[in-house]
Protein chains: 2
Amino acid sequence: MNYTTLARSIIRGDRKAAARLISVVEDEEEGYGEAMDMIFSASGRAGVLGITGAPGVGKSTLVFELAKGFRKEGKSVGIVAVDPTSPLTGGAILGDRIRMSELSSDPGVFIRSMGSRGGTGGLSLQASATVRILDALGCEEIIVETVGAGQTQVDIMGLADTVVVVTMPGSGDEVQSIKAGLLEIADIYVVNKMDLPGSMSTAADLRAMIDLVEDWKGWKPPVLLASASGARGLEEVAGSIRRHREWFSDPEAHMERRASQARKEIYDIIASGILRAISSAVTDEEMGELVRLVAERKMSPYDAARKVAGSALPGADLYKAL
Amino acid sequence: MNYTTLARSIIRGDRKAAARLISVVEDEEEGYGEAMDMIFSASGRAGVLGITGAPGVGKSTLVFELAKGFRKEGKSVGIVAVDPTSPLTGGAILGDRIRMSELSSDPGVFIRSMGSRGGTGGLSLQASATVRILDALGCEEIIVETVGAGQTQVDIMGLADTVVVVTMPGSGDEVQSIKAGLLEIADIYVVNKMDLPGSMSTAADLRAMIDLVEDWKGWKPPVLLASASGARGLEEVAGSIRRHREWFSDPEAHMERRASQARKEIYDIIASGILRAISSAVTDEEMGELVRLVAERKMSPYDAARKVAGSALPGADLYKAL
């Protein structure tokens, strides 16, 4: 299969071709790099918005409402929902995306859910490739939704120009989230479910934490109250997103963030390519045998890694490194 | 520096040597593979317990109490606290480990906090190497504490023989956590802060979710109520841990879990070795230039990845894969 044909179709606006190339990337098939070069050249116009937060805070509903708003402005919208992975089954849990069906019948909306199928840095690479593919397809606004806490949010900063962190009143989660690193990735805070008791104090706590940081380098994250399901506060959220985008769009500014996005993507691509090189050089049987020896403690995992790398990457002297 | 000397000192019980080799692994220095082979051969005796859960549920207090319990039994204890990463500063947030100072003055306790210093799969590999090093040092019980939600928990199953998922009453978190994949990794549930309203119903909800799974293959996760800070319910937790360990210790059983741990570790070692090969083959300046070109959209990240892999791994034909 020549994926460059697929890339050309995508650039002409073929949605089915886009779905197909996303699957190629997800399945980690070989030889789609050239197609992605073409996609890359044709992308760069979409606004990319990241929505993250703990499970249950109402991210999906907010994504739905923001997407509806973009549609009212006549913009085509791509939605990438990155779901947590079940470590045992490898399957994605789709969550309550039922209301998304209203959007999914709209030809101006492209929705894709993804869960990691394993692979080092795999999910993050799949998500960034998907964003680029939707961008090349012609989506003007792309919303990436991830479930966040701890390390997982790092990815969304590598994908999005504007990151909205969604929280809700109660349980003291907000302060803990900030401790866990959320303070450094949020461009905008939304305290969702504002009708629940404690929403004002949650917002006040967040603002107090934000005030502790002295130098915001030109953008201090606003804290907004909203009720996504009650359609309240959404215009303020959309307005803040617009303002952040204007601020961020200056091509000369923010090179640091863009460079760190680029660096991460380059490394993810290399890691993914190497894993593919391994799986084509080492048979499942050979790998299974090494895994068994390590699991039975008859071989060191470092020794097994050397053997695998030796078959998969002959000529690359990795002994010292491994 | 010859790290095998360090490994020999660790096996003789030298704590400083252990701290040093952990730093070598964290800093991703080259050439410690042979030392880790020796460590691997000398390890395998420690019981490895994983404690995970959302921020704020009281994991650290539980770790502290369990460690005190092991000490009363006369066992030496290693504690590995894996902290979430600040994506911008690269620094670990240490959290409220103040009460750990009581333990850290005890020569029978070895405590190590770690945060990712970047690198694909890096944190997970660092944590598993640290567990092996503490095992070879002679720690009889090793407790690994991670902040969990979504994807990040996958790691703890790769490290621990027994995984305790800690939750607390309220906020409906427990059901969401289970949706997010926690149900499949927990060997034991602890509803901590049992004095808060709703602890009974949280436990009942968890049990109901557990009951929905028909085949637990010999171990059905118990749901225990506890107050780590009030020292209540801790003996039941310790008892369940003991029972799970007995069940898990049968060397013939559970090969599936052990094999998936081994497979993950082999891949992590390869990825880490390759990243090191890259950073020694490509200068910071060269990498910076490629990153700049990608960030300015003058070069595709796939193209940059090919160039980096070409210099770092000559002889390895990765073009097809990338």
# chains A, B, ... in the order shown; residues from 1 in each chain; ligands from 1
>>> calpha_fit_and_write(fixed="chain A", moving="chain B", output="mmCIF file with C-alpha atoms, in the first residue's frame")
data_model
loop_
_atom_site.group_PDB
_atom_site.id
_atom_site.type_symbol
_atom_site.label_atom_id
_atom_site.label_comp_id
_atom_site.auth_asym_id
_atom_site.auth_seq_id
_atom_site.Cartn_x
_atom_site.Cartn_y
_atom_site.Cartn_z
ATOM 1 C CA MET B 1 0.059 -0.029 0.012
ATOM 2 C CA ASN B 2 1.438 3.327 -0.934
ATOM 3 C CA TYR B 3 0.428 5.722 1.813
ATOM 4 C CA THR B 4 1.398 8.794 -0.175
ATOM 5 C CA THR B 5 -1.736 8.252 -2.296
ATOM 6 C CA LEU B 6 -3.707 8.291 0.942
ATOM 7 C CA ALA B 7 -1.982 11.518 1.993
ATOM 8 C CA ARG B 8 -2.882 13.176 -1.308
ATOM 9 C CA SER B 9 -6.539 12.151 -0.852
ATOM 10 C CA ILE B 10 -6.552 13.569 2.667
ATOM 11 C CA ILE B 11 -5.186 16.886 1.479
ATOM 12 C CA ARG B 12 -8.023 16.980 -1.073
ATOM 13 C CA GLY B 13 -10.483 16.538 1.827
ATOM 14 C CA ASP B 14 -11.210 12.816 1.772
ATOM 15 C CA ARG B 15 -12.471 11.877 5.259
ATOM 16 C CA LYS B 16 -12.272 8.134 4.660
ATOM 17 C CA ALA B 17 -8.635 8.453 3.646
ATOM 18 C CA ALA B 18 -8.000 10.359 6.886
ATOM 19 C CA ALA B 19 -9.623 7.609 8.943
ATOM 20 C CA ARG B 20 -7.526 5.044 7.100
ATOM 21 C CA LEU B 21 -4.181 6.807 7.624
ATOM 22 C CA ILE B 22 -4.963 7.322 11.326
ATOM 23 C CA SER B 23 -5.472 3.562 11.588
ATOM 24 C CA VAL B 24 -2.172 2.935 9.804
ATOM 25 C CA VAL B 25 -0.414 5.097 12.410
ATOM 26 C CA GLU B 26 -2.304 3.422 15.270
ATOM 27 C CA ASP B 27 -1.429 -0.025 14.017
ATOM 28 C CA GLU B 28 2.210 1.048 13.729
ATOM 29 C CA GLU B 29 2.423 -0.266 10.206
ATOM 30 C CA GLU B 30 5.645 0.367 8.316
ATOM 31 C CA GLY B 31 6.449 2.977 5.764
ATOM 32 C CA TYR B 32 4.016 5.807 6.443
ATOM 33 C CA GLY B 33 6.778 8.314 7.152
ATOM 34 C CA GLU B 34 6.774 9.761 3.652
ATOM 35 C CA ALA B 35 2.982 10.199 3.787
ATOM 36 C CA MET B 36 3.388 12.045 7.099
ATOM 37 C CA ASP B 37 5.980 14.344 5.499
ATOM 38 C CA MET B 38 3.309 15.334 2.967
ATOM 39 C CA ILE B 39 0.704 15.710 5.694
ATOM 40 C CA PHE B 40 3.113 17.885 7.646
ATOM 41 C CA SER B 41 3.648 20.213 4.682
ATOM 42 C CA ALA B 42 -0.111 20.548 4.243
ATOM 43 C CA SER B 43 -0.829 21.199 7.919
ATOM 44 C CA GLY B 44 -0.267 24.070 10.301
ATOM 45 C CA ARG B 45 -3.457 26.019 9.774
ATOM 46 C CA ALA B 46 -5.744 24.485 12.425
ATOM 47 C CA GLY B 47 -6.129 25.861 15.908
ATOM 48 C CA VAL B 48 -5.380 23.061 18.366
ATOM 49 C CA LEU B 49 -7.101 23.147 21.728
ATOM 50 C CA GLY B 50 -6.343 20.711 24.538
ATOM 51 C CA ILE B 51 -8.914 19.877 27.221
ATOM 52 C CA THR B 52 -7.698 17.924 30.221
ATOM 53 C CA GLY B 53 -8.664 17.149 33.814
ATOM 54 C CA ALA B 54 -9.477 14.322 36.176
ATOM 55 C CA PRO B 55 -12.127 11.724 35.354
ATOM 56 C CA GLY B 56 -15.673 12.897 36.039
ATOM 57 C CA VAL B 57 -15.184 16.666 35.908
ATOM 58 C CA GLY B 58 -17.187 17.037 32.721
ATOM 59 C CA LYS B 59 -14.518 17.336 30.051
ATOM 60 C CA SER B 60 -16.524 15.574 27.338
ATOM 61 C CA THR B 61 -19.525 17.831 27.857
ATOM 62 C CA LEU B 62 -17.317 20.898 27.585
ATOM 63 C CA VAL B 63 -15.713 19.529 24.404
ATOM 64 C CA PHE B 64 -19.175 18.969 22.993
ATOM 65 C CA GLU B 65 -20.297 22.515 23.782
ATOM 66 C CA LEU B 66 -17.122 24.111 22.445
ATOM 67 C CA ALA B 67 -17.399 22.065 19.254
ATOM 68 C CA LYS B 68 -21.004 23.205 18.833
ATOM 69 C CA GLY B 69 -19.807 26.792 19.239
ATOM 70 C CA PHE B 70 -17.159 26.405 16.543
ATOM 71 C CA ARG B 71 -19.762 24.873 14.238
ATOM 72 C CA LYS B 72 -22.030 27.901 14.750
ATOM 73 C CA GLU B 73 -19.128 30.039 13.528
ATOM 74 C CA GLY B 74 -19.101 27.853 10.419
ATOM 75 C CA LYS B 75 -15.776 26.226 11.232
ATOM 76 C CA SER B 76 -15.037 22.561 10.606
ATOM 77 C CA VAL B 77 -14.031 20.722 13.750
ATOM 78 C CA GLY B 78 -11.862 17.705 14.556
ATOM 79 C CA ILE B 79 -12.171 15.995 17.932
ATOM 80 C CA VAL B 80 -9.505 13.620 19.190
ATOM 81 C CA ALA B 81 -10.547 11.843 22.392
ATOM 82 C CA VAL B 82 -7.582 10.128 24.003
ATOM 83 C CA ASP B 83 -8.873 7.498 26.374
ATOM 84 C CA PRO B 84 -7.081 5.852 29.222
ATOM 85 C CA THR B 85 -5.916 2.400 28.477
ATOM 86 C CA SER B 86 -6.914 -0.781 30.020
ATOM 87 C CA PRO B 87 -3.498 -2.279 30.696
ATOM 88 C CA LEU B 88 -4.745 -5.835 30.410
ATOM 89 C CA THR B 89 -7.099 -5.820 27.477
ATOM 90 C CA GLY B 90 -5.459 -3.068 25.479
ATOM 91 C CA GLY B 91 -8.928 -1.758 24.773
ATOM 92 C CA ALA B 92 -10.026 1.839 25.125
ATOM 93 C CA ILE B 93 -12.856 2.699 27.461
ATOM 94 C CA LEU B 94 -15.054 5.015 25.510
ATOM 95 C CA GLY B 95 -16.831 6.645 28.401
ATOM 96 C CA ASP B 96 -20.021 8.536 28.058
ATOM 97 C CA ARG B 97 -19.670 9.998 24.633
ATOM 98 C CA ILE B 98 -23.280 9.370 23.801
ATOM 99 C CA ARG B 99 -24.072 13.005 23.283
ATOM 100 C CA MET B 100 -21.284 13.110 20.749
ATOM 101 C CA SER B 101 -23.580 11.251 18.390
ATOM 102 C CA GLU B 102 -25.369 14.565 17.767
ATOM 103 C CA LEU B 103 -22.099 15.934 16.407
ATOM 104 C CA SER B 104 -20.883 12.831 14.682
ATOM 105 C CA SER B 105 -23.676 12.949 12.109
ATOM 106 C CA ASP B 106 -22.459 16.432 11.099
ATOM 107 C CA PRO B 107 -20.172 16.226 8.019
ATOM 108 C CA GLY B 108 -18.260 19.262 9.320
ATOM 109 C CA VAL B 109 -17.136 17.301 12.364
ATOM 110 C CA PHE B 110 -14.554 14.516 12.458
ATOM 111 C CA ILE B 111 -14.414 12.537 15.723
ATOM 112 C CA ARG B 112 -11.772 9.996 16.586
ATOM 113 C CA SER B 113 -11.325 8.115 19.864
ATOM 114 C CA MET B 114 -8.014 6.499 20.585
ATOM 115 C CA GLY B 115 -6.466 4.385 23.273
ATOM 116 C CA SER B 116 -2.904 3.241 23.394
ATOM 117 C CA ARG B 117 -2.232 -0.070 21.731
ATOM 118 C CA GLY B 118 0.996 -0.197 23.656
ATOM 119 C CA GLY B 119 4.350 0.947 22.398
ATOM 120 C CA THR B 120 6.734 3.365 24.040
ATOM 121 C CA GLY B 121 5.441 6.888 23.676
ATOM 122 C CA GLY B 122 2.956 5.387 21.274
ATOM 123 C CA LEU B 123 -0.229 7.111 22.316
ATOM 124 C CA SER B 124 1.335 10.517 22.253
ATOM 125 C CA LEU B 125 2.734 9.967 18.774
ATOM 126 C CA GLN B 126 -0.583 8.599 17.516
ATOM 127 C CA ALA B 127 -2.406 11.615 18.888
ATOM 128 C CA SER B 128 -0.012 14.114 17.342
ATOM 129 C CA ALA B 129 -0.135 12.336 13.974
ATOM 130 C CA THR B 130 -3.943 12.358 14.186
ATOM 131 C CA VAL B 131 -3.980 16.091 14.886
ATOM 132 C CA ARG B 132 -1.746 16.707 11.855
ATOM 133 C CA ILE B 133 -3.900 14.475 9.654
ATOM 134 C CA LEU B 134 -7.102 16.306 10.660
ATOM 135 C CA ASP B 135 -5.308 19.605 10.103
ATOM 136 C CA ALA B 136 -4.262 18.531 6.591
ATOM 137 C CA LEU B 137 -7.819 17.284 5.992
ATOM 138 C CA GLY B 138 -8.967 20.854 6.528
ATOM 139 C CA CYS B 139 -10.344 20.884 10.080
ATOM 140 C CA GLU B 140 -10.089 24.477 11.219
ATOM 141 C CA GLU B 141 -10.448 23.733 14.909
ATOM 142 C CA ILE B 142 -9.095 20.593 16.548
ATOM 143 C CA ILE B 143 -9.986 19.699 20.124
ATOM 144 C CA VAL B 144 -7.898 17.078 21.902
ATOM 145 C CA GLU B 145 -9.442 15.657 25.061
ATOM 146 C CA THR B 146 -7.228 13.697 27.462
ATOM 147 C CA VAL B 147 -7.823 12.310 30.912
ATOM 148 C CA GLY B 148 -5.229 13.969 33.017
ATOM 149 C CA ALA B 149 -3.461 13.478 36.301
ATOM 150 C CA GLY B 150 0.209 13.244 37.007
ATOM 151 C CA GLN B 151 2.403 12.389 34.084
ATOM 152 C CA THR B 152 -0.240 11.831 31.438
ATOM 153 C CA GLN B 153 -0.871 15.545 30.964
ATOM 154 C CA VAL B 154 2.608 16.198 29.743
ATOM 155 C CA ASP B 155 1.459 14.973 26.379
ATOM 156 C CA ILE B 156 -1.279 17.513 25.846
ATOM 157 C CA MET B 157 1.186 20.376 26.000
ATOM 158 C CA GLY B 158 3.047 18.695 23.174
ATOM 159 C CA LEU B 159 -0.122 18.683 21.103
ATOM 160 C CA ALA B 160 -2.084 21.821 21.808
ATOM 161 C CA ASP B 161 -1.460 25.522 21.495
ATOM 162 C CA THR B 162 -3.996 26.266 24.226
ATOM 163 C CA VAL B 163 -4.555 23.947 27.178
ATOM 164 C CA VAL B 164 -7.748 24.157 29.229
ATOM 165 C CA VAL B 165 -7.631 22.366 32.577
ATOM 166 C CA VAL B 166 -11.098 21.422 33.812
ATOM 167 C CA THR B 167 -11.792 20.894 37.489
ATOM 168 C CA MET B 168 -14.884 20.828 39.716
ATOM 169 C CA PRO B 169 -15.754 21.925 43.245
ATOM 170 C CA GLY B 170 -15.075 19.783 46.258
ATOM 171 C CA SER B 171 -12.730 17.053 47.415
ATOM 172 C CA GLY B 172 -9.711 19.365 47.534
ATOM 173 C CA ASP B 173 -8.662 17.938 44.206
ATOM 174 C CA GLU B 174 -7.719 21.279 42.753
ATOM 175 C CA VAL B 175 -4.860 21.940 45.142
ATOM 176 C CA GLN B 176 -3.562 18.417 44.738
ATOM 177 C CA SER B 177 -3.804 18.703 40.977
ATOM 178 C CA ILE B 178 -1.767 21.842 41.020
ATOM 179 C CA LYS B 179 0.833 20.147 43.157
ATOM 180 C CA ALA B 180 0.892 17.362 40.614
ATOM 181 C CA GLY B 181 2.059 19.754 37.928
ATOM 182 C CA LEU B 182 -1.183 21.036 36.425
ATOM 183 C CA LEU B 183 -0.334 24.617 37.304
ATOM 184 C CA GLU B 184 2.443 24.577 34.766
ATOM 185 C CA ILE B 185 0.433 23.281 31.849
ATOM 186 C CA ALA B 186 -2.847 25.212 32.109
ATOM 187 C CA ASP B 187 -3.439 28.241 29.944
ATOM 188 C CA ILE B 188 -7.039 28.480 31.169
ATOM 189 C CA TYR B 189 -8.793 26.957 34.184
ATOM 190 C CA VAL B 190 -12.455 26.027 34.120
ATOM 191 C CA VAL B 191 -14.211 25.206 37.388
ATOM 192 C CA ASN B 192 -17.015 23.158 35.894
ATOM 193 C CA LYS B 193 -20.260 22.121 37.648
ATOM 194 C CA MET B 194 -20.414 25.631 39.112
ATOM 195 C CA ASP B 195 -23.805 24.877 40.675
ATOM 196 C CA LEU B 196 -22.242 22.479 43.143
ATOM 197 C CA PRO B 197 -21.399 23.920 46.549
ATOM 198 C CA GLY B 198 -17.864 25.202 46.887
ATOM 199 C CA SER B 199 -17.313 26.344 43.313
ATOM 200 C CA MET B 200 -16.479 29.893 44.385
ATOM 201 C CA SER B 201 -13.940 28.747 46.929
ATOM 202 C CA THR B 202 -12.405 26.298 44.479
ATOM 203 C CA ALA B 203 -11.950 29.155 42.031
ATOM 204 C CA ALA B 204 -10.547 31.364 44.792
ATOM 205 C CA ASP B 205 -8.076 28.632 45.800
ATOM 206 C CA LEU B 206 -6.929 28.287 42.215
ATOM 207 C CA ARG B 207 -6.498 32.025 41.826
ATOM 208 C CA ALA B 208 -4.504 32.157 45.036
ATOM 209 C CA MET B 209 -2.191 29.428 43.763
ATOM 210 C CA ILE B 210 -1.788 31.245 40.460
ATOM 211 C CA ASP B 211 -1.005 34.477 42.266
ATOM 212 C CA LEU B 212 1.882 32.767 44.025
ATOM 213 C CA VAL B 213 3.714 32.496 40.716
ATOM 214 C CA GLU B 214 5.382 35.817 40.104
ATOM 215 C CA ASP B 215 6.304 35.772 36.467
ATOM 216 C CA TRP B 216 3.685 34.538 34.033
ATOM 217 C CA LYS B 217 5.588 35.797 30.986
ATOM 218 C CA GLY B 218 2.679 37.618 29.385
ATOM 219 C CA TRP B 219 -0.213 35.215 30.019
ATOM 220 C CA LYS B 220 -1.714 34.669 33.452
ATOM 221 C CA PRO B 221 -4.210 31.775 33.351
ATOM 222 C CA PRO B 222 -7.763 32.981 33.985
ATOM 223 C CA VAL B 223 -10.012 30.906 36.279
ATOM 224 C CA LEU B 224 -13.536 30.648 34.889
ATOM 225 C CA LEU B 225 -16.709 29.195 36.379
ATOM 226 C CA ALA B 226 -18.910 27.197 34.067
ATOM 227 C CA SER B 227 -21.620 24.615 33.838
ATOM 228 C CA ALA B 228 -21.034 22.759 30.593
ATOM 229 C CA SER B 229 -24.201 20.684 30.945
ATOM 230 C CA GLY B 230 -26.227 23.804 31.875
ATOM 231 C CA ALA B 231 -24.640 25.811 29.067
ATOM 232 C CA ARG B 232 -23.470 28.536 31.460
ATOM 233 C CA GLY B 233 -20.164 30.361 31.314
ATOM 234 C CA LEU B 234 -19.309 28.865 27.953
ATOM 235 C CA GLU B 235 -18.965 32.160 26.112
ATOM 236 C CA GLU B 236 -16.389 33.307 28.633
ATOM 237 C CA VAL B 237 -14.466 30.075 28.084
ATOM 238 C CA ALA B 238 -14.597 30.490 24.314
ATOM 239 C CA GLY B 239 -13.518 34.132 24.679
ATOM 240 C CA SER B 240 -10.515 33.200 26.803
ATOM 241 C CA ILE B 241 -9.516 30.535 24.322
ATOM 242 C CA ARG B 242 -9.672 33.123 21.569
ATOM 243 C CA ARG B 243 -7.576 35.597 23.532
ATOM 244 C CA HIS B 244 -4.971 32.983 24.386
ATOM 245 C CA ARG B 245 -4.728 31.957 20.777
ATOM 246 C CA GLU B 246 -4.157 35.520 19.645
ATOM 247 C CA TRP B 247 -1.442 35.872 22.225
ATOM 248 C CA PHE B 248 0.135 32.528 21.273
ATOM 249 C CA SER B 249 -0.108 32.976 17.506
ATOM 250 C CA ASP B 250 2.823 35.378 17.246
ATOM 251 C CA PRO B 251 5.251 33.144 15.325
ATOM 252 C CA GLU B 252 8.352 34.665 16.868
ATOM 253 C CA ALA B 253 7.167 34.246 20.441
ATOM 254 C CA HIS B 254 6.717 30.960 22.282
ATOM 255 C CA MET B 255 9.540 29.261 20.411
ATOM 256 C CA GLU B 256 10.494 27.524 23.636
ATOM 257 C CA ARG B 257 7.160 25.728 23.854
ATOM 258 C CA ARG B 258 7.119 24.934 20.160
ATOM 259 C CA ALA B 259 10.681 23.628 20.330
ATOM 260 C CA SER B 260 9.870 21.350 23.249
ATOM 261 C CA GLN B 261 6.872 20.023 21.295
ATOM 262 C CA ALA B 262 9.116 19.367 18.293
ATOM 263 C CA ARG B 263 11.830 17.679 20.349
ATOM 264 C CA LYS B 264 9.345 15.333 21.974
ATOM 265 C CA GLU B 265 7.788 14.426 18.662
ATOM 266 C CA ILE B 266 11.166 13.650 17.056
ATOM 267 C CA TYR B 267 12.070 11.324 19.931
ATOM 268 C CA ASP B 268 8.659 9.635 19.840
ATOM 269 C CA ILE B 269 9.017 8.995 16.105
ATOM 270 C CA ILE B 270 12.452 7.448 16.579
ATOM 271 C CA ALA B 271 11.276 5.251 19.454
ATOM 272 C CA SER B 272 8.256 4.098 17.508
ATOM 273 C CA GLY B 273 10.361 3.363 14.412
ATOM 274 C CA ILE B 274 12.820 1.338 16.425
ATOM 275 C CA LEU B 275 10.081 -0.695 18.050
ATOM 276 C CA ARG B 276 8.752 -1.465 14.600
ATOM 277 C CA ALA B 277 12.243 -2.431 13.410
ATOM 278 C CA ILE B 278 12.401 -4.806 16.356
ATOM 279 C CA SER B 279 9.074 -6.416 15.726
ATOM 280 C CA SER B 280 9.983 -7.075 12.116
ATOM 281 C CA ALA B 281 13.471 -8.433 12.929
ATOM 282 C CA VAL B 282 12.606 -10.614 15.902
ATOM 283 C CA THR B 283 9.828 -13.171 15.512
ATOM 284 C CA ASP B 284 7.086 -13.413 18.107
ATOM 285 C CA GLU B 285 8.455 -16.826 18.968
ATOM 286 C CA GLU B 286 11.991 -15.579 19.566
ATOM 287 C CA MET B 287 10.692 -12.669 21.617
ATOM 288 C CA GLY B 288 8.395 -14.994 23.556
ATOM 289 C CA GLU B 289 11.320 -17.238 24.405
ATOM 290 C CA LEU B 290 13.424 -14.313 25.696
ATOM 291 C CA VAL B 291 10.475 -13.010 27.698
ATOM 292 C CA ARG B 292 9.954 -16.456 29.210
ATOM 293 C CA LEU B 293 13.615 -16.729 30.219
ATOM 294 C CA VAL B 294 13.496 -13.318 31.903
ATOM 295 C CA ALA B 295 10.155 -14.049 33.589
ATOM 296 C CA GLU B 296 11.609 -17.294 34.943
ATOM 297 C CA ARG B 297 14.653 -15.330 36.088
ATOM 298 C CA LYS B 298 17.003 -17.400 33.921
ATOM 299 C CA MET B 299 18.175 -14.357 31.961
ATOM 300 C CA SER B 300 18.705 -10.713 32.879
ATOM 301 C CA PRO B 301 16.383 -8.277 31.081
ATOM 302 C CA TYR B 302 19.483 -6.296 30.102
ATOM 303 C CA ASP B 303 20.926 -9.382 28.457
ATOM 304 C CA ALA B 304 17.643 -9.997 26.631
ATOM 305 C CA ALA B 305 17.562 -6.354 25.490
ATOM 306 C CA ARG B 306 21.082 -6.707 24.041
ATOM 307 C CA LYS B 307 20.065 -9.820 22.127
ATOM 308 C CA VAL B 308 16.949 -8.191 20.681
ATOM 309 C CA ALA B 309 18.775 -4.993 19.730
ATOM 310 C CA GLY B 310 21.573 -7.070 18.192
ATOM 311 C CA SER B 311 19.175 -8.785 15.772
ATOM 312 C CA ALA B 312 17.002 -5.778 15.052
ATOM 313 C CA LEU B 313 19.682 -3.151 14.630
ATOM 314 C CA PRO B 314 22.811 -4.898 13.324
ATOM 315 C CA GLY B 315 25.610 -2.436 12.869
ATOM 316 C CA ALA B 316 24.330 -0.215 15.643
ATOM 317 C CA ASP B 317 26.718 -0.761 18.519
ATOM 318 C CA LEU B 318 24.396 -0.566 21.468
ATOM 319 C CA TYR B 319 26.351 -2.793 23.806
ATOM 320 C CA LYS B 320 27.862 0.097 25.712
ATOM 321 C CA ALA B 321 24.513 1.784 26.045
ATOM 322 C CA LEU B 322 22.710 -1.367 27.143
#
>>> select_by_dssp(residues="range 131-258 of chain A", states="strand (DSSP E)", output="compact mmCIF listing (two decimals) with C-alpha atoms, in the first residue's frame")
# COMPACT_ATOMS: atom_id res chain seq x y z
CA GLU A 141 -10.43 23.74 14.92
CA ILE A 142 -9.08 20.60 16.54
CA ILE A 143 -9.97 19.70 20.11
CA VAL A 144 -7.91 17.08 21.90
CA GLU A 145 -9.44 15.64 25.05
CA THR A 146 -7.24 13.68 27.45
CA VAL A 147 -7.83 12.29 30.91
CA THR A 162 -3.97 26.26 24.23
CA VAL A 163 -4.53 23.93 27.18
CA VAL A 164 -7.72 24.15 29.24
CA VAL A 165 -7.61 22.34 32.58
CA VAL A 166 -11.08 21.41 33.81
CA THR A 167 -11.80 20.87 37.48
CA ILE A 188 -7.02 28.46 31.18
CA TYR A 189 -8.78 26.93 34.19
CA VAL A 190 -12.44 26.01 34.12
CA VAL A 191 -14.20 25.18 37.38
CA VAL A 223 -9.99 30.88 36.29
CA LEU A 224 -13.52 30.63 34.91
CA LEU A 225 -16.68 29.16 36.38
